[in-house]
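See below for input.pdb, which holds PDB, C-alpha atoms.
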```pdb
MODEL        1
ATOM      1  CA  MET A   1      28.469  39.664  69.903
ATOM      2  CA  ILE A   2      25.280  39.526  67.884
ATOM      3  CA  GLU A   3      24.013  36.059  67.095
ATOM      4  CA  VAL A   4      21.544  35.286  64.352
ATOM      5  CA  LYS A   5      19.759  31.940  64.358
ATOM      6  CA  ILE A   6      19.349  30.330  60.955
ATOM      7  CA  PRO A   7      16.394  27.976  60.459
ATOM      8  CA  ALA A   8      17.262  24.328  59.866
ATOM      9  CA  GLU A   9      15.684  24.180  56.414
ATOM     10  CA  ILE A  10      17.985  26.972  55.210
ATOM     11  CA  GLN A  11      21.059  25.216  56.594
ATOM     12  CA  GLU A  12      20.146  22.022  54.751
ATOM     13  CA  TYR A  13      19.771  23.804  51.399
ATOM     14  CA  LYS A  14      21.629  22.220  48.514
ATOM     15  CA  SER A  15      21.867  23.899  45.139
ATOM     16  CA  LYS A  16      19.962  22.183  42.341
ATOM     17  CA  LEU A  17      21.191  22.078  38.763
ATOM     18  CA  VAL A  18      18.573  20.388  36.569
ATOM     19  CA  PHE A  19      15.242  18.694  37.427
ATOM     20  CA  GLY A  20      15.828  19.294  41.134
ATOM     21  CA  LEU A  21      19.048  17.260  41.095
ATOM     22  CA  SER A  22      22.442  18.453  42.251
ATOM     23  CA  ALA A  23      25.562  18.233  40.097
ATOM     24  CA  ARG A  24      26.747  15.257  42.180
ATOM     25  CA  GLN A  25      23.497  13.379  41.493
ATOM     26  CA  ILE A  26      23.607  14.135  37.754
ATOM     27  CA  ILE A  27      27.204  12.887  37.546
ATOM     28  CA  ALA A  28      26.160   9.740  39.420
ATOM     29  CA  ILE A  29      23.269   9.099  37.018
ATOM     30  CA  VAL A  30      25.498   9.599  33.968
ATOM     31  CA  GLY A  31      28.137   7.268  35.438
ATOM     32  CA  ALA A  32      25.545   4.626  36.288
ATOM     33  CA  LEU A  33      24.113   4.779  32.777
ATOM     34  CA  ALA A  34      27.603   4.659  31.248
ATOM     35  CA  VAL A  35      28.334   1.441  33.133
ATOM     36  CA  GLY A  36      24.918  -0.222  33.378
ATOM     37  CA  VAL A  37      23.570   0.194  29.843
ATOM     38  CA  PRO A  38      26.608  -1.253  27.991
ATOM     39  CA  LEU A  39      26.845  -4.093  30.508
ATOM     40  CA  GLY A  40      23.172  -4.917  30.016
ATOM     41  CA  VAL A  41      23.233  -4.634  26.229
ATOM     42  CA  LEU A  42      26.511  -6.457  25.663
ATOM     43  CA  GLY A  43      25.803  -9.110  28.263
ATOM     44  CA  TYR A  44      22.270  -9.878  26.980
ATOM     45  CA  GLY A  45      23.237 -12.741  24.683
ATOM     46  CA  HIS A  46      26.228 -13.967  26.637
ATOM     47  CA  ILE A  47      25.139 -14.002  30.302
ATOM     48  CA  SER A  48      22.160 -15.830  31.793
ATOM     49  CA  GLY A  49      18.970 -13.799  32.227
ATOM     50  CA  ASP A  50      18.986 -14.595  35.955
ATOM     51  CA  ILE A  51      22.503 -13.318  36.586
ATOM     52  CA  LEU A  52      22.678 -10.296  34.261
ATOM     53  CA  PRO A  53      20.284  -8.031  36.229
ATOM     54  CA  TRP A  54      22.215  -8.703  39.407
ATOM     55  CA  LEU A  55      25.496  -7.823  37.699
ATOM     56  CA  VAL A  56      23.980  -4.569  36.448
ATOM     57  CA  ILE A  57      22.637  -3.734  39.924
ATOM     58  CA  ILE A  58      25.973  -4.497  41.584
ATOM     59  CA  SER A  59      27.887  -2.433  39.019
ATOM     60  CA  VAL A  60      25.510   0.559  39.267
ATOM     61  CA  PHE A  61      25.142   0.601  43.063
ATOM     62  CA  PRO A  62      28.401   2.485  43.815
ATOM     63  CA  PHE A  63      27.337   5.306  41.470
ATOM     64  CA  ALA A  64      23.864   5.495  42.997
ATOM     65  CA  GLY A  65      25.288   5.428  46.504
ATOM     66  CA  TRP A  66      27.862   8.094  45.701
ATOM     67  CA  GLY A  67      25.266  10.414  44.213
ATOM     68  CA  PHE A  68      22.245   9.939  46.430
ATOM     69  CA  MET A  69      23.160   8.371  49.775
ATOM     70  CA  THR A  70      23.769  10.299  52.986
ATOM     71  CA  PHE A  71      23.797   8.739  56.424
ATOM     72  CA  LYS A  72      23.914  10.891  59.565
ATOM     73  CA  GLY A  73      25.442  13.769  57.641
ATOM     74  CA  MET A  74      28.095  11.611  55.955
ATOM     75  CA  ARG A  75      28.333  11.219  52.215
ATOM     76  CA  PHE A  76      28.691   7.779  50.671
ATOM     77  CA  GLU A  77      32.507   7.804  50.509
ATOM     78  CA  GLU A  78      32.801   9.003  54.121
ATOM     79  CA  PHE A  79      30.320   6.355  55.254
ATOM     80  CA  MET A  80      32.121   3.577  53.368
ATOM     81  CA  LYS A  81      35.480   4.664  54.777
ATOM     82  CA  ALA A  82      34.082   4.601  58.322
ATOM     83  CA  PHE A  83      32.233   1.307  57.726
ATOM     84  CA  LEU A  84      35.274  -0.462  56.285
ATOM     85  CA  SER A  85      37.660   0.851  58.925
ATOM     86  CA  MET A  86      35.318  -0.139  61.764
ATOM     87  CA  ASN A  87      34.543  -3.603  60.404
ATOM     88  CA  PHE A  88      37.681  -4.754  58.614
ATOM     89  CA  LEU A  89      40.678  -2.922  60.064
ATOM     90  CA  PRO A  90      42.095  -3.866  63.458
ATOM     91  CA  GLN A  91      40.771  -1.636  66.203
ATOM     92  CA  ARG A  92      42.876  -0.413  69.064
ATOM     93  CA  ARG A  93      41.175  -1.068  72.354
ATOM     94  CA  VAL A  94      42.362   0.858  75.346
ATOM     95  CA  TYR A  95      42.152  -0.838  78.714
ATOM     96  CA  GLU A  96      41.402   1.517  81.527
ATOM     97  CA  ASP A  97      41.488   0.348  85.102
ATOM     98  CA  THR A  98      38.652   2.236  86.756
ATOM     99  CA  ASP A  99      39.680   1.325  90.305
ATOM    100  CA  VAL A 100      43.086   2.955  89.885
ATOM    101  CA  ASN A 101      41.509   6.051  88.325
ATOM    102  CA  LEU A 102      38.965   6.245  91.149
ATOM    103  CA  PHE A 103      41.674   6.051  93.818
ATOM    104  CA  HIS A 104      43.818   8.541  91.915
ATOM    105  CA  SER A 105      40.976  11.080  91.661
ATOM    106  CA  LEU A 106      40.104  10.610  95.359
ATOM    107  CA  ASN A 107      43.754  11.105  96.267
ATOM    108  CA  GLU A 108      43.849  14.340  94.224
ATOM    109  CA  GLU A 109      40.720  15.608  96.001
ATOM    110  CA  ILE A 110      42.252  14.840  99.391
ATOM    111  CA  ILE A 111      45.456  16.654  98.449
ATOM    112  CA  GLU A 112      43.485  19.682  97.218
ATOM    113  CA  SER A 113      41.446  19.822 100.425
ATOM    114  CA  LYS A 114      44.681  19.612 102.493
ATOM    115  CA  ILE A 115      46.163  22.493 100.484
ATOM    116  CA  VAL A 116      43.043  24.604 101.031
ATOM    117  CA  GLN A 117      43.058  23.783 104.755
ATOM    118  CA  GLN A 118      46.744  24.699 104.956
ATOM    119  CA  ARG A 119      46.113  28.051 103.250
ATOM    120  CA  ILE A 120      43.262  28.775 105.652
ATOM    121  CA  GLU A 121      45.570  28.026 108.596
ATOM    122  CA  ASN A 122      48.286  30.280 107.140
ATOM    123  CA  GLY A 123      45.779  33.110 106.822
ATOM    124  CA  GLU A 124      45.723  33.271 103.016
ATOM    125  CA  PHE A 125      41.945  32.801 103.031
ATOM    126  CA  GLU A 126      39.419  34.366 105.319
ATOM    127  CA  VAL A 127      36.802  32.035 106.733
ATOM    128  CA  TYR A 128      33.334  33.479 107.292
ATOM    129  CA  ASP A 129      30.993  31.579 109.589
ATOM    130  CA  ASP A 130      27.323  32.250 108.935
TER     131      ASP A 130
ENDMDL
END
```
Give the structure from this file in structure tokens form.
Amino acid sequence: MIEVKIPAEIQEYKSKLVFGLSARQIIAIVGALAVGVPLGVLGYGHISGDILPWLVIISVFPFAGWGFMTFKGMRFEEFMKAFLSMNFLPQRRVYEDTDVNLFHSLNEEIIESKIVQQRIENGEFEVYDD
């Protein structure tokens, strides 16, 4: 079978729509603006000037993360799913007794060597001495 190696920079290519941004990033920017601008404008007279920027940042962060963040090849939603499941859902921990497994594997090796020795004695295998 013929195998063709593809350079890494070609494999990492992502199509760009406008201004070097992908469709996912443009949707994220539009969503962030749709949430952040009204919150900032409408909250200007009603919410303290110390708290309002933090509210805008917190409300816009999921859009920015969804559009721009990748971590070890995972998109934002995949990363958040893995993060939340690893940190907040109960994890199943499997106990494995290594001593039992060690003795079991040694016992299997002994049985295999006995089978081979038995086949040699029965003449199924030819033994060559060099």
query = What is the distance, in Å and to one decimal place, between atom CA of Phe61 of chain A and atom CA of Val41 of chain A?
reply =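 Taking atom CA of Phe61 of chain A as the start and atom CA of Val41 of chain A as the end point, the length is 17.7 Å.
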key: atom CA of Phe68 of chain A to atom CA of Ile27 of chain A, distance in Å rounded to a single decimal   =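 Atom CA of Ile27 of chain A lies at a distance of 10.6 Å from atom CA of Phe68 of chain A.
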request  = Report as a PyMOL selection string the residues that result from applying the PyMOL selection byres ((chain A and resi 60) around 8) to the structure here.
outcome  = chain A and resi 32-33+35-36+56-59+61-64
message = If I take atom CA of Ile26 of chain A and atom CA of Phe71 of chain A, how far is one from the other in Å, to one decimal?
response =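 A separation of 19.4 Å between them.
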key: Polymer residues at most 12 Å from (27.2, -7.3, 27.5) by only C-alpha atoms, as a list in words   = Val35, Gly36, Val37, Pro38, Leu39, Gly40, Val41, Leu42, Gly43, Tyr44, Gly45, His46, Ile47, Ser48, Gly49, Ile51, Leu52, Pro53, Leu55 and Val56 of chain A
Centre, edges in Å (one decimal): axis-aligned box, segment 71-84 of chain A, 8 Å padding on all six sides, as lines of an AutoDock Vina configuration file:
```
center_x = 29.6
center_y = 6.7
center_z = 55.0
size_x = 27.7
size_y = 30.2
size_z = 25.1
```
